[in-house]
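Trainee: Dumping the structure here so I can ask a few things about it.
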Amino acid sequence: AQAAGTAQAAGTAQAAGTAQAAGTAQAAGTAQAAEIAPADKAAKAPSASMPKLDASEKITVEMTESALFDFFLYHAYSKFNGFLINILGFAVFILGVYSYVTNRIDGLTCFLFVIFSVLFLGSTPLQLKFKVKKAMREEEVYRTPMEFTFTDLKGITVDQADSSKLYLWKDVARAAVTPKTIAIYVGKDQALIIPKQCFGSKFLIIYQIIARNIAISRPPKIKANSSKSTVKPLTK
């Protein structure tokens, strides 16, 4: 007997800080980011062999200018527009140098090519730097400390001043790790931004809570193969 069928495991995560109820983070800029990817075992539905899901951890989050700038860079360059700007900047630089080496342009023209490439590559970070300074100066949400509570099977509770909001795990779109932050996306351009230093000794514990709950909230999907399963009768 032969059978066909494939199974795809869903459960990619990326994670951290706040954009709405901790600030809406819309931006541009760059920073290599590693996504929080739950292990294959974590992607499966909970079983009797899995640990009891009753963990709850609380941390205090205070936004810093460097952490916010780091996230803005990641958020911008993780989009196609940011990637395209980088490609254009490098392309202008290479074209200028190549044309100069092959005697197609003079030194002054080559210098202009280099200036234009620097403008391409540096414009986005400079714009973001000013945007971050303005946000930290004018946005109360970035200047007021917040309490984040991560609870298994429930979600992330954000308390700030007199307000409180719960983000359910099923509403978490993705989570990402940047050099200085963990960003938990609760919308296309809305994220909870948490500077890494705010986790203290709880970083690994909270990381595991985020990974396993995103995996559980997105169980694997079974996709049938286009070819139908067939069972051939035994013949002599």
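Residue numbering restarts at 1 for every chain of the structure tokens, chains are lettered A, B, ... in their displayed order, and ligands are numbered from 1 as they appear.
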In range 20-218 of chain A, what's strand (DSSP E) per DSSP? Answer as a ChimeraX atom specification?

Mentor: /A:34-35,56-61,146-151,155-160,163-168,174-177,181-187,190-195

Trainee: What is the CA of Pro195 in chain A to CA of Val61 in chain A distance in Å?

Mentor: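 Atom-to-atom, CA of Pro195 in chain A to CA of Val61 in chain A, that is 7.3 Å.
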
Trainee: Env of Gly122 in chain A: 10 Å cut, atoms = only C-alpha atoms, seq-sep filter 5 positions within chain, self excluded. Answer as a PyMOL selection string.

Mentor: chain A and resi 29+85-86+89+116-117+127

Trainee: Could you write out the selected residues, including C-alpha atoms, as a PDB file, in the first residue's frame?

Mentor:
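Here's the written file selection.pdb:
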ATOM      1  CA  GLY A  29      16.852  51.611   8.943  1.00  0.00           C
ATOM      2  CA  ILE A  85      18.093  51.709  -1.242  1.00  0.00           C
ATOM      3  CA  ASN A  86      21.124  49.700  -0.144  1.00  0.00           C
ATOM      4  CA  GLY A  89      23.805  52.899  -3.149  1.00  0.00           C
ATOM      5  CA  PHE A 116      25.850  60.041  -4.450  1.00  0.00           C
ATOM      6  CA  SER A 117      26.382  56.492  -3.149  1.00  0.00           C
ATOM      7  CA  GLN A 127      16.478  60.399   8.938  1.00  0.00           C
TER       8      GLN A 127
END

Trainee: Would you kindly return, as a list of chain:residue names, each protein, DNA or RNA residue with an atom no farther than 12 Å from any atom of Cys110 in chain A, considering only C-alpha atoms and excluding same-chain residues fewer than 5 positions away?

Mentor: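 My reading of the contact set: A:Val92, A:Phe93, A:Ile94, A:Leu95, A:Gly96, A:Val97, A:Tyr98, A:Ser99, A:Tyr100, A:Val101, A:Thr102, A:Asn103, A:Arg104, A:Ile105, A:Ile115, A:Phe116, A:Ser117.
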
Trainee: Show me, as a ChimeraX atom specification, the residues that have an atom within 9 Å of Trp169 in chain A when counting only C-alpha atoms, minus same-chain residues fewer than 3 positions from it.

Mentor: /A:152-156,172-173,210,213-214,216-217

Trainee: Keeping only N, CA, C and O atoms, write the selected residues as a PDB file, in the first residue's frame.

Mentor:
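Result went into part.pdb, see below:
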ATOM      1  N   ASP A 152       2.026  32.164  30.039  1.00  0.00           N
ATOM      2  CA  ASP A 152       1.716  31.018  29.183  1.00  0.00           C
ATOM      3  C   ASP A 152       0.231  30.943  28.889  1.00  0.00           C
ATOM      4  O   ASP A 152      -0.611  31.139  29.784  1.00  0.00           O
ATOM      5  N   LEU A 153      -0.110  30.634  27.630  1.00  0.00           N
ATOM      6  CA  LEU A 153      -1.474  30.389  27.161  1.00  0.00           C
ATOM      7  C   LEU A 153      -2.393  31.607  27.280  1.00  0.00           C
ATOM      8  O   LEU A 153      -3.569  31.523  26.935  1.00  0.00           O
ATOM      9  N   LYS A 154      -1.865  32.714  27.730  1.00  0.00           N
ATOM     10  CA  LYS A 154      -2.689  33.908  27.892  1.00  0.00           C
ATOM     11  C   LYS A 154      -2.230  35.013  26.942  1.00  0.00           C
ATOM     12  O   LYS A 154      -2.942  35.368  26.007  1.00  0.00           O
ATOM     13  N   GLY A 155      -1.064  35.563  27.189  1.00  0.00           N
ATOM     14  CA  GLY A 155      -0.557  36.620  26.328  1.00  0.00           C
ATOM     15  C   GLY A 155       0.420  37.529  27.044  1.00  0.00           C
ATOM     16  O   GLY A 155       1.024  37.152  28.046  1.00  0.00           O
ATOM     17  N   ILE A 156       0.551  38.736  26.527  1.00  0.00           N
ATOM     18  CA  ILE A 156       1.475  39.722  27.073  1.00  0.00           C
ATOM     19  C   ILE A 156       0.654  40.911  27.583  1.00  0.00           C
ATOM     20  O   ILE A 156      -0.069  41.549  26.820  1.00  0.00           O
ATOM     21  N   VAL A 172      -0.329  37.755  18.047  1.00  0.00           N
ATOM     22  CA  VAL A 172       1.071  38.062  17.762  1.00  0.00           C
ATOM     23  C   VAL A 172       1.404  37.571  16.361  1.00  0.00           C
ATOM     24  O   VAL A 172       1.316  36.380  16.068  1.00  0.00           O
ATOM     25  N   ALA A 173       1.775  38.505  15.483  1.00  0.00           N
ATOM     26  CA  ALA A 173       2.070  38.147  14.091  1.00  0.00           C
ATOM     27  C   ALA A 173       3.429  37.491  13.962  1.00  0.00           C
ATOM     28  O   ALA A 173       3.587  36.479  13.274  1.00  0.00           O
ATOM     29  N   ILE A 210       7.885  33.055  24.912  1.00  0.00           N
ATOM     30  CA  ILE A 210       7.459  33.634  23.637  1.00  0.00           C
ATOM     31  C   ILE A 210       7.452  32.586  22.536  1.00  0.00           C
ATOM     32  O   ILE A 210       6.474  32.435  21.795  1.00  0.00           O
ATOM     33  N   ASN A 213       4.700  29.691  23.006  1.00  0.00           N
ATOM     34  CA  ASN A 213       3.304  30.130  22.905  1.00  0.00           C
ATOM     35  C   ASN A 213       2.940  30.578  21.499  1.00  0.00           C
ATOM     36  O   ASN A 213       1.807  30.391  21.064  1.00  0.00           O
ATOM     37  N   ILE A 214       3.889  31.151  20.764  1.00  0.00           N
ATOM     38  CA  ILE A 214       3.618  31.465  19.365  1.00  0.00           C
ATOM     39  C   ILE A 214       3.453  30.182  18.580  1.00  0.00           C
ATOM     40  O   ILE A 214       2.603  30.073  17.695  1.00  0.00           O
ATOM     41  N   ILE A 216       2.378  27.260  19.778  1.00  0.00           N
ATOM     42  CA  ILE A 216       1.113  26.634  20.168  1.00  0.00           C
ATOM     43  C   ILE A 216      -0.076  27.362  19.530  1.00  0.00           C
ATOM     44  O   ILE A 216      -1.060  26.741  19.122  1.00  0.00           O
ATOM     45  N   SER A 217       0.018  28.682  19.425  1.00  0.00           N
ATOM     46  CA  SER A 217      -1.092  29.461  18.862  1.00  0.00           C
ATOM     47  C   SER A 217      -1.204  29.295  17.351  1.00  0.00           C
ATOM     48  O   SER A 217      -2.204  29.664  16.762  1.00  0.00           O
TER      49      SER A 217
END

Trainee: In Å to one decimal, how far is CA of Ser201 in chain A from CA of Met146 in chain A?

Mentor: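 Distance reported for this atom pair: 17.9 Å.
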
Trainee: Would you mind reading off the distance between CA of Leu84 in chain A and CA of Val118 in chain A, one decimal, in Å?

Mentor: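 Interatomic distance here is 14.4 Å.
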
Trainee: Please provide as a ChimeraX atom specification all residues within 9 Å of Ser66 in chain A, with the sequence filter that same-chain residues fewer than 3 positions apart are discarded (counting only C-alpha atoms).

Mentor: /A:63,69-71,132,180

Trainee: Taking into account only C-alpha atoms, which residue in the set A:Ala211, A:Leu204, A:Val141, A:Ala161 is nearest to Ala175 in chain A?

Mentor: A:Ala211

Trainee: Select, from A:Gln197, A:Thr157, A:Thr60, A:Gln190, the residue with the minimum atom-to-atom distance to Thr144 in chain A, counting only C-alpha atoms.

Mentor: A:Thr60

Trainee: Quick one: of A:Leu88, A:Ala176, A:Ile182, A:Leu73, who's nearest to Lys131 in chain A, counting only C-alpha atoms?

Mentor: A:Leu73
